[in-house]
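Enquirer: Take a look at work30.cif, mmCIF, C-alpha atoms (C1' of nucleotides):
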data_structure
loop_
_atom_site.label_atom_id
_atom_site.label_comp_id
_atom_site.auth_asym_id
_atom_site.auth_seq_id
_atom_site.Cartn_x
_atom_site.Cartn_y
_atom_site.Cartn_z
CA MET X 263 82.23 -19.18 -64.19
CA ASN X 264 79.98 -18.15 -61.38
CA MET X 265 77.04 -19.42 -63.39
CA LEU X 266 78.53 -22.90 -63.26
CA LYS X 267 79.11 -22.62 -59.56
CA GLU X 268 75.47 -21.78 -58.96
CA HIS X 269 73.86 -24.09 -61.50
CA GLY X 270 76.15 -27.07 -61.70
CA ARG X 271 76.74 -27.92 -65.33
CA MET X 272 75.58 -25.76 -68.19
CA TYR X 273 76.09 -25.49 -71.92
CA GLY X 274 77.09 -22.33 -73.71
CA TYR X 275 73.78 -21.22 -75.10
CA GLU X 276 72.14 -21.92 -71.76
CA ILE X 277 74.60 -19.59 -70.05
CA THR X 278 73.81 -16.73 -72.42
CA GLN X 279 70.08 -17.17 -71.80
CA LYS X 280 70.37 -17.53 -68.03
CA VAL X 281 72.50 -14.41 -67.68
CA LYS X 282 70.12 -12.49 -69.88
CA GLU X 283 67.19 -13.69 -67.79
CA LEU X 284 68.79 -12.98 -64.41
CA THR X 285 69.82 -9.47 -65.45
CA ASP X 286 66.55 -8.54 -67.18
CA GLY X 287 68.37 -8.32 -70.48
CA LYS X 288 70.92 -5.84 -69.15
CA ILE X 289 73.84 -8.14 -69.69
CA GLN X 290 74.04 -10.00 -72.98
CA ILE X 291 76.86 -12.47 -73.38
CA THR X 292 77.65 -12.72 -77.06
CA GLU X 293 78.83 -15.97 -78.64
CA GLY X 294 82.00 -14.32 -79.85
CA ALA X 295 82.91 -13.56 -76.26
CA LEU X 296 81.63 -16.75 -74.65
CA TYR X 297 82.86 -19.63 -76.78
CA PRO X 298 86.52 -18.65 -76.99
CA THR X 299 86.46 -18.09 -73.22
CA LEU X 300 84.97 -21.52 -72.53
CA HIS X 301 87.56 -23.16 -74.77
CA SER X 302 90.32 -21.29 -73.04
CA LEU X 303 89.07 -22.17 -69.55
CA GLU X 304 88.81 -25.80 -70.57
CA LYS X 305 92.34 -25.77 -71.90
CA SER X 306 93.69 -24.23 -68.70
CA GLY X 307 91.98 -26.85 -66.54
CA GLU X 308 89.27 -24.68 -64.97
CA LEU X 309 86.43 -26.46 -66.74
CA ASP X 310 85.55 -29.98 -67.79
CA VAL X 311 83.36 -30.62 -70.78
CA GLU X 312 80.90 -33.39 -71.60
CA LYS X 313 79.43 -33.63 -75.08
CA GLU X 314 75.86 -34.78 -75.30
CA TYR X 315 73.23 -34.87 -77.97
CA PHE X 316 69.81 -33.43 -77.35
CA GLY X 317 67.96 -34.91 -80.30
CA LYS X 318 70.40 -34.26 -83.10
CA ARG X 319 71.73 -31.04 -81.62
CA LEU X 320 75.08 -31.11 -79.90
CA ARG X 321 75.36 -29.60 -76.44
CA LYS X 322 78.64 -29.17 -74.68
CA TYR X 323 78.06 -29.18 -70.97
CA TYR X 324 80.68 -27.41 -68.90
CA LYS X 325 81.34 -27.82 -65.20
CA LEU X 326 83.94 -26.48 -62.81
CA THR X 327 86.97 -28.60 -61.96
CA PRO X 328 88.23 -28.42 -58.35
CA GLN X 329 90.79 -25.90 -59.60
CA GLY X 330 87.97 -23.99 -61.25
CA GLN X 331 86.04 -23.80 -57.99
CA THR X 332 89.02 -22.26 -56.25
CA THR X 333 89.42 -19.77 -59.08
CA VAL X 334 85.77 -18.72 -59.02
CA ALA X 335 85.85 -18.10 -55.29
CA GLN X 336 88.98 -16.02 -55.79
CA LYS X 337 87.56 -14.00 -58.69
CA VAL X 338 84.32 -13.31 -56.88
CA ASP X 339 86.26 -12.10 -53.85
CA GLU X 340 88.36 -9.85 -56.07
CA PHE X 341 85.26 -8.44 -57.65
CA SER X 342 83.71 -7.80 -54.21
CA ASP X 343 86.83 -5.93 -53.21
CA PHE X 344 86.69 -3.96 -56.40
CA ILE X 345 83.11 -2.91 -55.72
CA VAL X 346 84.01 -1.82 -52.19
CA THR X 347 86.92 0.17 -53.57
CA MET X 348 84.83 1.79 -56.27
CA LYS X 349 82.05 2.64 -53.85
CA ALA X 350 84.60 4.53 -51.78
CA LEU X 351 86.21 6.14 -54.81
CA LEU X 352 82.93 7.25 -56.36
CA ASP X 353 81.18 7.95 -53.10
CA LEU X 354 78.35 5.57 -53.89
CA GLY X 355 77.55 4.73 -50.28
CA PRO X 356 74.27 6.68 -50.16
CA LYS X 357 72.97 5.40 -53.51
CA LEU X 358 73.80 1.77 -52.90
CA SER X 359 73.40 1.38 -49.16
CA ASN X 360 70.47 -0.88 -49.79
CA GLY X 361 70.49 -1.35 -53.55
CA MET E 78 85.78 12.19 -64.52
CA ASN E 79 84.29 11.64 -61.11
CA MET E 80 87.54 12.87 -59.60
CA LEU E 81 86.97 16.24 -61.24
CA LYS E 82 83.42 16.34 -59.99
CA GLU E 83 84.60 15.83 -56.41
CA HIS E 84 87.73 17.94 -56.46
CA GLY E 85 87.02 20.73 -58.91
CA ARG E 86 89.97 21.12 -61.19
CA MET E 87 92.88 18.71 -61.29
CA TYR E 88 95.88 17.98 -63.45
CA GLY E 89 96.77 14.58 -64.81
CA TYR E 90 99.48 13.51 -62.45
CA GLU E 91 97.39 14.70 -59.51
CA ILE E 92 94.54 12.44 -60.61
CA THR E 93 96.80 9.39 -60.71
CA GLN E 94 98.06 10.13 -57.20
CA LYS E 95 94.66 10.90 -55.75
CA VAL E 96 93.11 7.72 -57.09
CA LYS E 97 96.05 5.72 -55.82
CA GLU E 98 95.70 7.32 -52.38
CA LEU E 99 91.93 6.92 -52.14
CA THR E 100 92.10 3.25 -53.13
CA ASP E 101 95.10 2.33 -50.98
CA GLY E 102 97.11 1.63 -54.10
CA LYS E 103 94.55 -0.84 -55.41
CA ILE E 104 93.79 1.18 -58.51
CA GLN E 105 96.70 2.62 -60.45
CA ILE E 106 95.87 4.83 -63.39
CA THR E 107 98.72 4.58 -65.85
CA GLU E 108 99.78 7.55 -67.99
CA GLY E 109 99.19 5.59 -71.16
CA ALA E 110 95.56 5.21 -70.16
CA LEU E 111 95.01 8.63 -68.63
CA TYR E 112 96.51 11.17 -71.01
CA PRO E 113 94.88 9.94 -74.22
CA THR E 114 91.57 9.82 -72.35
CA LEU E 115 91.93 13.39 -71.09
CA HIS E 116 92.75 14.58 -74.60
CA SER E 117 89.80 12.73 -76.00
CA LEU E 118 87.41 14.11 -73.37
CA GLU E 119 88.67 17.60 -74.02
CA LYS E 120 88.17 17.18 -77.73
CA SER E 121 84.61 15.95 -77.25
CA GLY E 122 83.73 18.90 -75.04
CA GLU E 123 83.48 17.12 -71.68
CA LEU E 124 86.51 18.85 -70.20
CA ASP E 125 88.10 22.29 -70.30
CA VAL E 126 91.82 22.71 -69.85
CA GLU E 127 93.90 25.54 -68.39
CA LYS E 128 97.66 25.44 -68.75
CA GLU E 129 99.66 26.79 -65.86
CA TYR E 130 103.28 26.76 -64.82
CA PHE E 131 104.27 25.59 -61.37
CA GLY E 132 107.84 26.83 -61.32
CA LYS E 133 109.07 25.72 -64.71
CA ARG E 134 106.88 22.62 -64.78
CA LEU E 135 103.78 22.67 -66.91
CA ARG E 136 100.53 21.56 -65.38
CA LYS E 137 97.36 21.13 -67.37
CA TYR E 138 94.38 21.62 -65.14
CA TYR E 139 91.20 19.94 -66.28
CA LYS E 140 87.67 20.71 -65.17
CA LEU E 141 84.24 19.50 -66.19
CA THR E 142 82.21 21.49 -68.67
CA PRO E 143 78.43 21.63 -68.08
CA GLN E 144 78.13 18.84 -70.65
CA GLY E 145 80.80 16.93 -68.72
CA GLN E 146 78.84 17.22 -65.49
CA THR E 147 75.78 15.71 -67.12
CA THR E 148 77.89 12.91 -68.51
CA VAL E 149 79.51 12.11 -65.16
CA ALA E 150 76.16 11.91 -63.40
CA GLN E 151 74.95 9.60 -66.15
CA LYS E 152 78.01 7.36 -66.05
CA VAL E 153 77.94 7.08 -62.28
CA ASP E 154 74.28 6.09 -62.42
CA GLU E 155 75.05 3.50 -65.04
CA PHE E 156 77.83 2.10 -62.90
CA SER E 157 75.52 1.95 -59.86
CA ASP E 158 73.01 0.01 -61.91
CA PHE E 159 75.74 -2.30 -63.08
CA ILE E 160 76.78 -3.01 -59.49
CA VAL E 161 73.20 -3.76 -58.50
CA THR E 162 72.87 -6.08 -61.49
CA MET E 163 76.13 -7.84 -60.72
CA LYS E 164 75.27 -8.24 -57.06
CA ALA E 165 72.13 -10.04 -58.10
CA LEU E 166 73.90 -12.10 -60.74
CA LEU E 167 76.76 -13.14 -58.47
CA ASP E 168 74.69 -13.36 -55.31
CA LEU E 169 76.93 -10.88 -53.49
CA GLY E 170 74.20 -9.57 -51.20
CA PRO E 171 75.51 -11.28 -48.03
CA LYS E 172 79.16 -10.39 -48.60
CA LEU E 173 78.57 -6.74 -49.41
CA SER E 174 75.60 -5.84 -47.26
CA ASN E 175 77.97 -4.01 -44.97
CA GLY E 176 81.24 -4.20 -46.86
"C1'" DA U 292 57.38 -21.94 -96.47
"C1'" DA U 293 59.57 -18.60 -93.90
"C1'" DA U 294 61.05 -16.78 -89.85
"C1'" DT U 295 62.72 -17.40 -85.41
"C1'" DA U 296 65.10 -20.05 -81.89
"C1'" DT U 297 68.53 -23.35 -80.57
"C1'" DA U 298 73.53 -24.65 -80.60
"C1'" DC U 299 77.95 -24.77 -81.95
"C1'" DA U 300 82.18 -22.01 -83.98
"C1'" DT U 301 85.51 -18.63 -86.06
"C1'" DA U 302 87.32 -14.24 -87.82
"C1'" DA U 303 87.86 -9.35 -88.84
"C1'" DG U 304 87.93 -5.14 -86.84
"C1'" DT U 305 87.63 -1.99 -82.84
"C1'" DT U 306 88.52 -0.48 -78.39
"C1'" DT U 307 91.17 -0.01 -74.59
"C1'" DC U 308 94.44 -1.30 -71.67
"C1'" DT U 309 99.60 -2.09 -70.11
"C1'" DA U 310 104.37 -1.56 -70.61
"C1'" DA U 311 107.88 0.80 -72.59
"C1'" DT U 312 110.01 4.80 -73.98
"C1'" DG U 313 110.90 9.76 -74.29
"C1'" DT U 314 111.63 14.71 -72.58
"C1'" DA U 315 112.37 17.77 -68.84
"C1'" DT U 316 112.31 19.88 -64.09
"C1'" DG U 317 112.79 19.63 -58.80
"C1'" DC U 318 114.70 17.81 -54.80
"C1'" DA U 319 116.99 14.89 -51.45
"C1'" DA U 320 120.41 11.69 -50.15
"C1'" DA U 321 124.77 9.53 -50.70
"C1'" DT J 263 128.01 16.66 -56.83
"C1'" DT J 264 125.92 13.37 -58.93
"C1'" DT J 265 122.74 9.85 -58.60
"C1'" DG J 266 118.29 8.51 -57.95
"C1'" DC J 267 113.53 9.32 -57.15
"C1'" DA J 268 109.50 12.21 -57.74
"C1'" DT J 269 106.93 15.34 -60.58
"C1'" DA J 270 104.68 16.27 -65.13
"C1'" DC J 271 103.80 15.97 -69.65
"C1'" DA J 272 103.34 12.69 -73.99
"C1'" DT J 273 103.41 8.82 -77.50
"C1'" DT J 274 103.70 4.13 -79.22
"C1'" DA J 275 103.99 -0.92 -79.71
"C1'" DG J 276 101.83 -4.78 -78.32
"C1'" DA J 277 98.36 -7.45 -75.81
"C1'" DA J 278 93.79 -8.46 -74.30
"C1'" DA J 279 89.08 -8.58 -74.75
"C1'" DC J 280 85.31 -7.18 -76.81
"C1'" DT J 281 81.47 -6.61 -80.79
"C1'" DT J 282 79.76 -7.61 -85.14
"C1'" DA J 283 79.48 -10.47 -88.81
"C1'" DT J 284 79.54 -14.74 -90.82
"C1'" DG J 285 79.06 -19.82 -91.15
"C1'" DT J 286 76.82 -24.53 -90.38
"C1'" DA J 287 72.98 -27.18 -88.85
"C1'" DT J 288 68.71 -28.62 -86.40
"C1'" DA J 289 64.07 -27.47 -84.20
"C1'" DT J 290 60.05 -24.97 -83.67
"C1'" DT J 291 56.66 -21.61 -84.51
"C1'" DT J 292 53.83 -18.76 -87.49
#
How would this structure read if it were set down as structure tokens?
Expert:
Amino acid sequence: MNMLKEHGRMYGYEITQKVKELTDGKIQITEGALYPTLHSLEKSGELDVEKEYFGKRLRKYYKLTPQGQTTVAQKVDEFSDFIVTMKALLDLGPKLSNG
Amino acid sequence: MNMLKEHGRMYGYEITQKVKELTDGKIQITEGALYPTLHSLEKSGELDVEKEYFGKRLRKYYKLTPQGQTTVAQKVDEFSDFIVTMKALLDLGPKLSNG
DNA sequence: AAATATACATAAGTTTCTAATGTATGCAAA
DNA sequence: TTTGCATACATTAGAAACTTATGTATATTT
């Protein structure tokens, strides 16, 4: 969801490629993980979808709803907290102080 | 496993309490998650166990084997890398630079 | 022409977690 | 004194979330 926050609207395949690019291939989002998640987020009102054809190929562009924007902000905050907690728990201060 | 690296030998229940304490209750390790993991790590040679009685209550003290120490160092490094990657991906630099 | 990339989707199987349940001892409060 | 909470182990059913494989179809590169 953070991808959509940063890049506006994106379609599924685009998300997999962008994440791969931004993480130097370290994180690969598989279709089996992504598509069901997108469908689920759409169903729960976090995402809106717009179907468009690029040539003859269908693209489903997803964007955050207002509710989705709130959720992303929340999730990112939770993840930040988690990192802080884990840094303390694993004593990662030295290694990550400027990583 | 990092708990054992920091604190020498520990028994299961002690690990749950220590993690809870160090994370201000934010991370709760449940027994259903912990005990099978400890058994599995023992079986695969990462941990050694020593059974002792504290009064009439059994405690199973676990400690890292040499192999286990290598593995912990590796896993912690991997997790550090993951955090760095996620910070870049989620643009968490500002929020966590001194968090 | 064949292989690779783009673009969607689902399904089987695995892993891994939570929640629930079980056994038993130790201790403190009602 | 007995009731409840903490200590200490363990297993299991069910849920969640993932990977791998498979399927359909178009576009591009070799």
Enquirer: Would you list the contacts of Gly109 in chain E as JSON, numbers by chain, taking every protein, DNA or RNA residue within 12 Å and counting only C-alpha atoms (C1' of nucleotides), but skipping same-chain residues closer than 5 positions in sequence?
Expert: {"E": [89, 90, 93, 114, 115, 116], "U": [307, 308, 309, 310, 311, 312], "J": [271, 272, 273, 274, 275]}
Enquirer: Just write the chosen residues, C-alpha atoms (C1' of nucleotides), as a short mmCIF file (atom, residue, chain, number, x, y, z; two decimals), in the coordinates of the input.
Expert:
data_model
loop_
_atom_site.label_atom_id
_atom_site.label_comp_id
_atom_site.auth_asym_id
_atom_site.auth_seq_id
_atom_site.Cartn_x
_atom_site.Cartn_y
_atom_site.Cartn_z
CA GLY E 89 96.77 14.58 -64.81
CA TYR E 90 99.48 13.51 -62.45
CA THR E 93 96.80 9.39 -60.71
CA THR E 114 91.57 9.82 -72.35
CA LEU E 115 91.93 13.39 -71.09
CA HIS E 116 92.75 14.58 -74.60
"C1'" DT U 307 91.17 -0.01 -74.59
"C1'" DC U 308 94.44 -1.30 -71.67
"C1'" DT U 309 99.60 -2.09 -70.11
"C1'" DA U 310 104.37 -1.56 -70.61
"C1'" DA U 311 107.88 0.80 -72.59
"C1'" DT U 312 110.01 4.80 -73.98
"C1'" DC J 271 103.80 15.97 -69.65
"C1'" DA J 272 103.34 12.69 -73.99
"C1'" DT J 273 103.41 8.82 -77.50
"C1'" DT J 274 103.70 4.13 -79.22
"C1'" DA J 275 103.99 -0.92 -79.71
#
Enquirer: Using all atoms listed in the file, find each residue of chain U with at least one atom at most 10 Å away from an atom of chain X; report its shortest atom-to-atom pair and that distance in Å (one decimal), sort the rows by chain and rising residue number, and return the result as JSON lines.
Expert:
{"residue": "U:DT297", "atom": "C1'", "partner": "X:Tyr275", "partner_atom": "CA", "distance": 7.9}
{"residue": "U:DA298", "atom": "C1'", "partner": "X:Tyr275", "partner_atom": "CA", "distance": 6.5}
{"residue": "U:DC299", "atom": "C1'", "partner": "X:Leu320", "partner_atom": "CA", "distance": 7.3}
{"residue": "U:DA300", "atom": "C1'", "partner": "X:Tyr297", "partner_atom": "CA", "distance": 7.6}
{"residue": "U:DT301", "atom": "C1'", "partner": "X:Gly294", "partner_atom": "CA", "distance": 8.3}
{"residue": "U:DA302", "atom": "C1'", "partner": "X:Gly294", "partner_atom": "CA", "distance": 9.6}
Enquirer: Which residues fall under the PyMOL selection byres ((chain X and resi 288) around 12) in this file, as an MDAnalysis selection string?
Expert: (chainID X and resid 278:287 289:291) or (chainID E and resid 155 158:163 165:166)
Enquirer: Taking the file as I've supplied it (selection: the PyMOL selection byres ((chain J) within 10 of (chain X))), which residues are included? Please answer as a list in words.
Expert: DA279, DC280, DT281, DT282, DA287, DT288 and DA289 of chain J
Enquirer: Hey, which of X:Ser302, X:Asn264, X:Gln336, X:Gln329 ends up closest to chain E? Count all atoms listed in the file.
Expert: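 Looking at the shortest contact to chain E, the residue is X:Asn264.
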Enquirer: Kindly indicate which residue among X:Leu309, X:Leu303, X:Met272, X:Met265 lies nearest to chain E, using only C-alpha atoms for the distances.
Expert: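 Nearest candidate to chain E out of X:Leu309, X:Leu303, X:Met272, X:Met265: X:Met265.
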Enquirer: Name the residues in contact with Lys325 in chain X at a cut-off of 10 Å, using all atoms listed in the file, excluding same-chain residues fewer than 6 positions from it; report them as a list in words.
Expert: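 Listed by chain and then number, they are Met263, Met265, Leu266, Lys267, His269, Gly270, Arg271, Met272, Tyr273, Glu304, Glu308, Leu309, Asp310, Val311, Glu312 and Gln331 of chain X.
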Enquirer: Can you pull out the residues contacting DA320 in chain U? Cut-off 12 Å, using all atoms listed in the file, and skip same-chain residues under 3 positions away; I want them as a count of residues only.
Expert: 5
Enquirer: Any idea what the distance is between C1' of DT292 in chain J and C1' of DT295 in chain U?
Expert: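 Atom-to-atom, C1' of DT292 in chain J and C1' of DT295 in chain U are spaced 9.2 Å apart.
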Enquirer: Report as a list of chain:residue names the residues that result from applying the PyMOL selection byres ((chain U and resi 294) around 12) to the structure here.
Expert: U:DA292, U:DA293, U:DT295, U:DA296, J:DT290, J:DT291, J:DT292
Enquirer: Next, write the just-selected residues to a file, as a PDB file, keeping the file's coordinate frame, keeping C-alpha atoms (C1' of nucleotides) as the atom set.
Expert:
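As a result, part_2.pdb now contains:
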ATOM      1  C1'  DA U 292      57.380 -21.940 -96.470  1.00  0.00           C
ATOM      2  C1'  DA U 293      59.570 -18.600 -93.900  1.00  0.00           C
ATOM      3  C1'  DT U 295      62.720 -17.400 -85.410  1.00  0.00           C
ATOM      4  C1'  DA U 296      65.100 -20.050 -81.890  1.00  0.00           C
TER       5       DA U 296
ATOM      6  C1'  DT J 290      60.050 -24.970 -83.670  1.00  0.00           C
ATOM      7  C1'  DT J 291      56.660 -21.610 -84.510  1.00  0.00           C
ATOM      8  C1'  DT J 292      53.830 -18.760 -87.490  1.00  0.00           C
TER       9       DT J 292
END
